[in-house]
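Visitor: I'd like to ask you about the structure that follows.
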Amino acid sequence: MAQNEASVVKKDKKITWKEVKKQKFLMLISFFMVVYGIIFYYWPLTGWLMAFENYKPKKGLLGSKFIGLDKFKFLFEDETFLRVIRNTFAMGFINLVSTTVMAVLFAILLNEVRKGWIKKPIQTISYLPHFLSWIVVTSILHDSLSSTGIINDLLLKCGIIDQAINFFAHPKYFWPIVAFANCWKETGFNAIIYFAAITAIDPSLYEAASIDGADRLQKIRYITLPGIKPTFLILLLMNVGNVLNAGFEVQYLLGNGLVQSVSQTIDIYVLKWGISQNDYSLGTAAGLFKSVVSILLIVIANAVARKYSEERLF
Amino acid sequence: MNKQEYKVSKPISDKIFGAVVVIFLASFVIITLYPVINTVALSFNDGIDAVRGGIYLWPRKFSMKNYKTVFAMQNIWTGAKVTVARTIIATLTSLFANALLAFVVSRKRFLFKSQLALFWVITMYVNGGMIPIFLLYKNLGLTGTFHVYWIPGMISAFNMLVMRTYMEGIPESLEESAQLDGAGYFTIFKDIISPLCKPVYATVALFIAVWQWNSWFDAMLYNRMKTQYTTLQYELMKLLSSVMQQSGSAENAKNSGGNTITPITIRSAVTIATMLPIVCLYPFLQRYFVTGLTIGGVKE
């Protein structure tokens with residue numbers, strides 16, 4: 001306790017001029033870091049101006065004609081864009097829920113295994129997919145889901161279907177496939193943090209529950225779940241801001257003409273209009289919309305969390 | 001201790017629950033491993049034979065032709081060289097830059113530490129988006145060069161924060177005594193903090209290396225026309241889209257000397273070749289990324 005107080009006092013001590021003079025090296029590094037940050041992270045923000053202009057690369061950012069909200073008007077009258085927004089939100093939400101549930105479930109159930117020689121290999125295997133690229137993941141999932149893959153074979157053999165299903169040709173299968181792909185890739189890795197949170201729970205709580213005659217399911221419900229609640233909330237908060245970012249690679253790689261009404265996300269729309277069609281202004285407008293909504297989501301999530309619990313991001 | 005407890009009184013509900021745990025974990029392992037093993041089997045199978053389907057865990061008509069073809073492809077070799085080069089260069093430079101920044105930000109007595117930290121935390125939440133960034137790289141002359149792979153992403157606020165958390169846990173007294181001995185901040189960084197930070201350096205290096213190894217979008221966006229700067233993943237991506245379009249037709253199978261290859265089997269071979277280095281490496285780095293994630297991910 002006394003030590004703690006001492007360090008608090010020390011922290012409050014004002015930084016003296018003598019100390020600052022010794023910090024030349026730190027200042028120099030900070031300077032370079034700020035310059036780097038301005039060039040690569042803050043300067044692109046000026047490009048948002050393009051969303052309000054009829055941007056022509058030859059005329060530049062300041063020379064192009066200002067057109068106000070015309071591009072946004074075009075976006076929100078474009079049925080494709082509205083569908084794209086729906087797809088992005090839907091897939092982001094489905095992925096967030098399904099990956100979180102799977103990670104929590106996996107962490108809790110694996111924690112029930114007491115034997116290290118079973119637990120360790122399962123953990124190692126569970127991390128594997130996280131380190132594979134989305135290209136590799138879509139490639140190997142494509143094999144299992146193809147018309148000659150195991151899923152179709154199993155369904156055929158069990159008599160559930162008479163004919164192989166081409167899973168990539170029907171819009172109704174697309175969102176579940178994307179959710180499955182996300183779960184397949186990230187469950188083990190996301191579970192790491194939950195696993196750490198479970199390990200941090202006081203073992204005497206479980207012992208006391210055993211004496212009271214609680215079975216394993218009751219222990220999970222009344223000890224483990226409340227124990228990981230803070231971690232769960234923090235991660236949920238961090239991920240809510242990422243909901244709109246959760247949709248690019250897998251949709252781009254698995255999407256095709258037959259399912260594009262459900263597969264296209266905002267990022268793909270930006271890529272299509274901005275890079276392929278060279279309409280930089282429209283691409284930027286769509287991207288700006290995404291950024292603004294993302295920031296709003298973070299602020300809202302933070303406010304909600306502040307109201308209902310002690311956990312918050314900043 | 002626990003064992004005895006269970007032997008004494010094990011309610012029936014616990015037995016049922018135990019069975020559920022076993023079934024869940026067994027299916028988890030099968031679902032995780034099966035697609036990978038299936039792709040390995042396909043990559044060693046004859047092309048036209050594979051189109052018939054029915055290959056699960058083991059090749060039916062064994063053939064090395066796929067790998068032979070893949071290793072004879074010039075673009076795969078170019079992609080492999082670029083991927084290895086960018087992984088090494090970017091991991092080293094990025095690790096150094098992030099560590100240095102984390103060191104500066106974690107100095108408790110540094111005048112601007114909170115301002116500098118905030119400056120970088122903001123970049124995690126606000127960014128210009130695809131088009132402005134694309135135009136910036138174009139104006140800076142980074143597109144169409146190798147440098148676009150390692151210069152722009154050198155500093156990542158997330159990696160920096162993971163390292164900062166770790167460095168803040170190192171006792172201040174070490175720094176103070178070094179300062180009394182006349183050591184400057186760079187010496188403190190190099191000789192005192194860095195040796196203690198090896199575990200977190202390993203974690204972050206692994207994150208950067210995996211990210212670099214798996215990148216394809218930057219190759220497609222910035223270096224589409226420059227075939228000499230293609231990456232392994234981008235070449236795989238092109239193969240994948242060609243397979244998706246043909247969806248397993250045997251028509252474009254190439255027949256040579258009894259053994260055949262098709263886009264499916266070729267792509268399987270490239271997939272396996274691409275993931276092999278990572279699969280061999282990550283189990284040994286496991287304890288690093290587990291601890292790294294645990295300290296960085298949970299704010300205390």
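By order in the structure tokens, chains are A, B, ...; within a chain, residues start at 1; ligands start at 1, following the order shown.
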Using only C-alpha atoms, determine which residues lie at most 8 Å from Gly79 in chain B, disregarding the query and same-chain residues fewer than 5 positions distant; provide the list as number ranges by chain.

Guide: B: 228-235

Visitor: Those same residues - N, CA and C atoms - I'd like them written as a CSV table (one decimal), in the first residue's frame.

Guide:
chain,number,residue,atom,x,y,z
B,228,GLN,N,6.8,-8.2,-61.9
B,228,GLN,CA,8.0,-8.5,-61.1
B,228,GLN,C,7.8,-8.3,-59.6
B,229,TYR,N,6.7,-7.6,-59.2
B,229,TYR,CA,6.4,-7.4,-57.8
B,229,TYR,C,5.2,-8.1,-57.3
B,230,THR,N,4.8,-9.1,-58.1
B,230,THR,CA,3.6,-9.9,-57.6
B,230,THR,C,4.0,-10.7,-56.4
B,231,THR,N,3.0,-11.1,-55.6
B,231,THR,CA,3.3,-11.9,-54.4
B,231,THR,C,2.6,-13.3,-54.6
B,232,LEU,N,3.1,-14.2,-53.7
B,232,LEU,CA,2.6,-15.6,-53.8
B,232,LEU,C,1.1,-15.7,-53.6
B,233,GLN,N,0.6,-14.9,-52.6
B,233,GLN,CA,-0.8,-15.0,-52.4
B,233,GLN,C,-1.6,-14.4,-53.5
B,234,TYR,N,-1.1,-13.4,-54.2
B,234,TYR,CA,-1.8,-12.8,-55.3
B,234,TYR,C,-1.9,-13.8,-56.5
B,235,GLU,N,-0.8,-14.5,-56.7
B,235,GLU,CA,-0.8,-15.5,-57.7
B,235,GLU,C,-1.8,-16.6,-57.4

Visitor: Distance cut-off 6 Å, counting only C-alpha atoms - which residues of chain A neighbour chain B? Return them as a PyMOL selection string.

Guide: chain A and resi 26+44-45+47+109+133+136+140+148+193+216+284+287

Visitor: Store the residues picked out above in a file with N, CA and C atoms, as a PDB file, in the first residue's frame.

Guide:
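After the write, part.pdb holds the following:
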ATOM      1  N   LEU A  26      14.392  11.446 -27.339  1.00  0.00           N
ATOM      2  CA  LEU A  26      12.954  11.129 -27.376  1.00  0.00           C
ATOM      3  C   LEU A  26      12.211  12.124 -28.260  1.00  0.00           C
ATOM      4  N   PRO A  44      -4.061  11.621 -45.846  1.00  0.00           N
ATOM      5  CA  PRO A  44      -5.174  11.069 -46.645  1.00  0.00           C
ATOM      6  C   PRO A  44      -6.540  11.610 -46.226  1.00  0.00           C
ATOM      7  N   LEU A  45      -6.664  12.101 -44.991  1.00  0.00           N
ATOM      8  CA  LEU A  45      -7.958  12.627 -44.554  1.00  0.00           C
ATOM      9  C   LEU A  45      -8.371  13.837 -45.391  1.00  0.00           C
ATOM     10  N   GLY A  47      -8.177  13.984 -48.377  1.00  0.00           N
ATOM     11  CA  GLY A  47      -8.813  13.422 -49.567  1.00  0.00           C
ATOM     12  C   GLY A  47     -10.319  13.315 -49.435  1.00  0.00           C
ATOM     13  N   LEU A 109     -15.692 -24.802 -23.084  1.00  0.00           N
ATOM     14  CA  LEU A 109     -15.704 -26.260 -23.168  1.00  0.00           C
ATOM     15  C   LEU A 109     -14.290 -26.836 -23.106  1.00  0.00           C
ATOM     16  N   SER A 133      -4.012 -17.215 -44.919  1.00  0.00           N
ATOM     17  CA  SER A 133      -4.601 -16.041 -45.570  1.00  0.00           C
ATOM     18  C   SER A 133      -6.030 -16.351 -45.982  1.00  0.00           C
ATOM     19  N   VAL A 136      -6.116 -18.653 -48.957  1.00  0.00           N
ATOM     20  CA  VAL A 136      -5.967 -20.071 -48.651  1.00  0.00           C
ATOM     21  C   VAL A 136      -7.264 -20.605 -48.042  1.00  0.00           C
ATOM     22  N   ILE A 140      -9.482 -23.617 -49.624  1.00  0.00           N
ATOM     23  CA  ILE A 140      -9.735 -24.959 -49.086  1.00  0.00           C
ATOM     24  C   ILE A 140     -11.200 -25.170 -48.723  1.00  0.00           C
ATOM     25  N   THR A 148     -18.406 -31.743 -55.783  1.00  0.00           N
ATOM     26  CA  THR A 148     -17.871 -33.066 -55.496  1.00  0.00           C
ATOM     27  C   THR A 148     -17.247 -33.122 -54.103  1.00  0.00           C
ATOM     28  N   ILE A 193      -8.097 -15.024 -25.552  1.00  0.00           N
ATOM     29  CA  ILE A 193      -8.341 -14.021 -24.514  1.00  0.00           C
ATOM     30  C   ILE A 193      -9.360 -14.525 -23.504  1.00  0.00           C
ATOM     31  N   ARG A 216     -21.345 -29.288 -13.047  1.00  0.00           N
ATOM     32  CA  ARG A 216     -20.434 -28.521 -13.907  1.00  0.00           C
ATOM     33  C   ARG A 216     -21.162 -27.409 -14.657  1.00  0.00           C
ATOM     34  N   THR A 284     -14.775   7.788 -52.840  1.00  0.00           N
ATOM     35  CA  THR A 284     -14.457   8.444 -51.576  1.00  0.00           C
ATOM     36  C   THR A 284     -15.715   8.706 -50.766  1.00  0.00           C
ATOM     37  N   GLY A 287     -16.700   5.586 -49.121  1.00  0.00           N
ATOM     38  CA  GLY A 287     -15.750   5.296 -48.048  1.00  0.00           C
ATOM     39  C   GLY A 287     -15.952   6.211 -46.857  1.00  0.00           C
TER      40      GLY A 287
END

Visitor: As a PyMOL selection string, list the residues of range 123-171 of chain B assigned to helix (DSSP H, G or I) by DSSP on the backbone atoms of this structure.

Guide: chain B and resi 123-125+130-139+146-149+157-168

Visitor: Skip Pro171 in chain A itself and residues of its chain fewer than 2 positions away, then list as a list of chain:residue names all residues within 10 Å of it, counting only C-alpha atoms.

Guide: A:Phe167, A:Phe168, A:Ala169, A:Tyr173, A:Phe174, A:Trp175, A:Pro176, A:Gly255, A:Leu258, A:Val259, A:Gln260, A:Ser261, A:Val262, A:Ser263

Visitor: Deliver the residues from the most recent selection as a file, using C-alpha atoms, as a PDB file, in the first residue's frame.

Guide:
ATOM      1  CA  PHE A 167     -23.371 -23.559 -52.746  1.00  0.00           C
ATOM      2  CA  PHE A 168     -21.679 -20.619 -54.418  1.00  0.00           C
ATOM      3  CA  ALA A 169     -24.471 -20.052 -56.910  1.00  0.00           C
ATOM      4  CA  TYR A 173     -26.173 -19.754 -48.826  1.00  0.00           C
ATOM      5  CA  PHE A 174     -23.769 -16.840 -49.063  1.00  0.00           C
ATOM      6  CA  TRP A 175     -24.127 -15.221 -45.631  1.00  0.00           C
ATOM      7  CA  PRO A 176     -23.993 -18.532 -43.755  1.00  0.00           C
ATOM      8  CA  GLY A 255     -18.501 -13.542 -54.465  1.00  0.00           C
ATOM      9  CA  LEU A 258     -24.727 -15.041 -59.304  1.00  0.00           C
ATOM     10  CA  VAL A 259     -24.631 -13.913 -55.689  1.00  0.00           C
ATOM     11  CA  GLN A 260     -23.493 -10.313 -56.009  1.00  0.00           C
ATOM     12  CA  SER A 261     -26.809  -8.974 -54.723  1.00  0.00           C
ATOM     13  CA  VAL A 262     -25.928 -10.376 -51.285  1.00  0.00           C
ATOM     14  CA  SER A 263     -22.132 -10.514 -51.468  1.00  0.00           C
TER      15      SER A 263
END

Visitor: Mind pulling up the distance from CA of Pro129 in chain A to CA of Trp184 in chain A?

Guide: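 These two atoms are separated by 7.0 Å.
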
Visitor: Could you pull the residues within 7 Å of range 232-245 of chain A, counting only C-alpha atoms, minus those fewer than 6 positions along the same chain, as JSON, numbers by chain?

Guide: {"A": [88, 89, 92, 93, 290, 294, 295, 297, 298, 301, 302, 311, 312]}

Visitor: Quick one: write out the picked residues with N, CA and C atoms as an mmCIF file, in the first residue's frame?

Guide:
data_model
loop_
_atom_site.group_PDB
_atom_site.id
_atom_site.type_symbol
_atom_site.label_atom_id
_atom_site.label_comp_id
_atom_site.auth_asym_id
_atom_site.auth_seq_id
_atom_site.Cartn_x
_atom_site.Cartn_y
_atom_site.Cartn_z
ATOM 1 N N THR A 88 -23.396 -5.176 -45.867
ATOM 2 C CA THR A 88 -22.267 -4.929 -44.977
ATOM 3 C C THR A 88 -22.696 -5.060 -43.527
ATOM 4 N N PHE A 89 -23.811 -4.417 -43.182
ATOM 5 C CA PHE A 89 -24.304 -4.487 -41.804
ATOM 6 C C PHE A 89 -24.684 -5.914 -41.444
ATOM 7 N N GLY A 92 -21.594 -8.131 -41.198
ATOM 8 C CA GLY A 92 -20.793 -7.703 -40.055
ATOM 9 C C GLY A 92 -21.425 -8.160 -38.750
ATOM 10 N N PHE A 93 -22.739 -8.000 -38.655
ATOM 11 C CA PHE A 93 -23.443 -8.368 -37.432
ATOM 12 C C PHE A 93 -23.442 -9.884 -37.228
ATOM 13 N N LYS A 290 -18.809 5.149 -44.780
ATOM 14 C CA LYS A 290 -18.435 4.020 -43.932
ATOM 15 C C LYS A 290 -17.653 4.483 -42.703
ATOM 16 N N SER A 294 -18.796 4.106 -38.838
ATOM 17 C CA SER A 294 -17.946 3.340 -37.919
ATOM 18 C C SER A 294 -17.657 4.132 -36.661
ATOM 19 N N ILE A 295 -17.283 5.403 -36.837
ATOM 20 C CA ILE A 295 -16.949 6.231 -35.675
ATOM 21 C C ILE A 295 -18.182 6.406 -34.795
ATOM 22 N N LEU A 297 -20.612 4.322 -34.456
ATOM 23 C CA LEU A 297 -20.840 3.062 -33.745
ATOM 24 C C LEU A 297 -19.941 2.953 -32.523
ATOM 25 N N ILE A 298 -18.682 3.360 -32.678
ATOM 26 C CA ILE A 298 -17.756 3.281 -31.546
ATOM 27 C C ILE A 298 -18.224 4.200 -30.416
ATOM 28 N N ALA A 301 -21.342 2.738 -28.788
ATOM 29 C CA ALA A 301 -21.003 1.560 -27.976
ATOM 30 C C ALA A 301 -20.329 1.986 -26.688
ATOM 31 N N ASN A 302 -19.452 2.965 -26.797
ATOM 32 C CA ASN A 302 -18.738 3.437 -25.622
ATOM 33 C C ASN A 302 -19.686 4.078 -24.615
ATOM 34 N N GLU A 311 -16.730 -0.886 -17.857
ATOM 35 C CA GLU A 311 -15.815 -1.120 -18.965
ATOM 36 C C GLU A 311 -16.030 -0.109 -20.075
ATOM 37 N N ARG A 312 -14.970 0.519 -20.489
ATOM 38 C CA ARG A 312 -15.060 1.341 -21.686
ATOM 39 C C ARG A 312 -13.687 1.469 -22.321
#
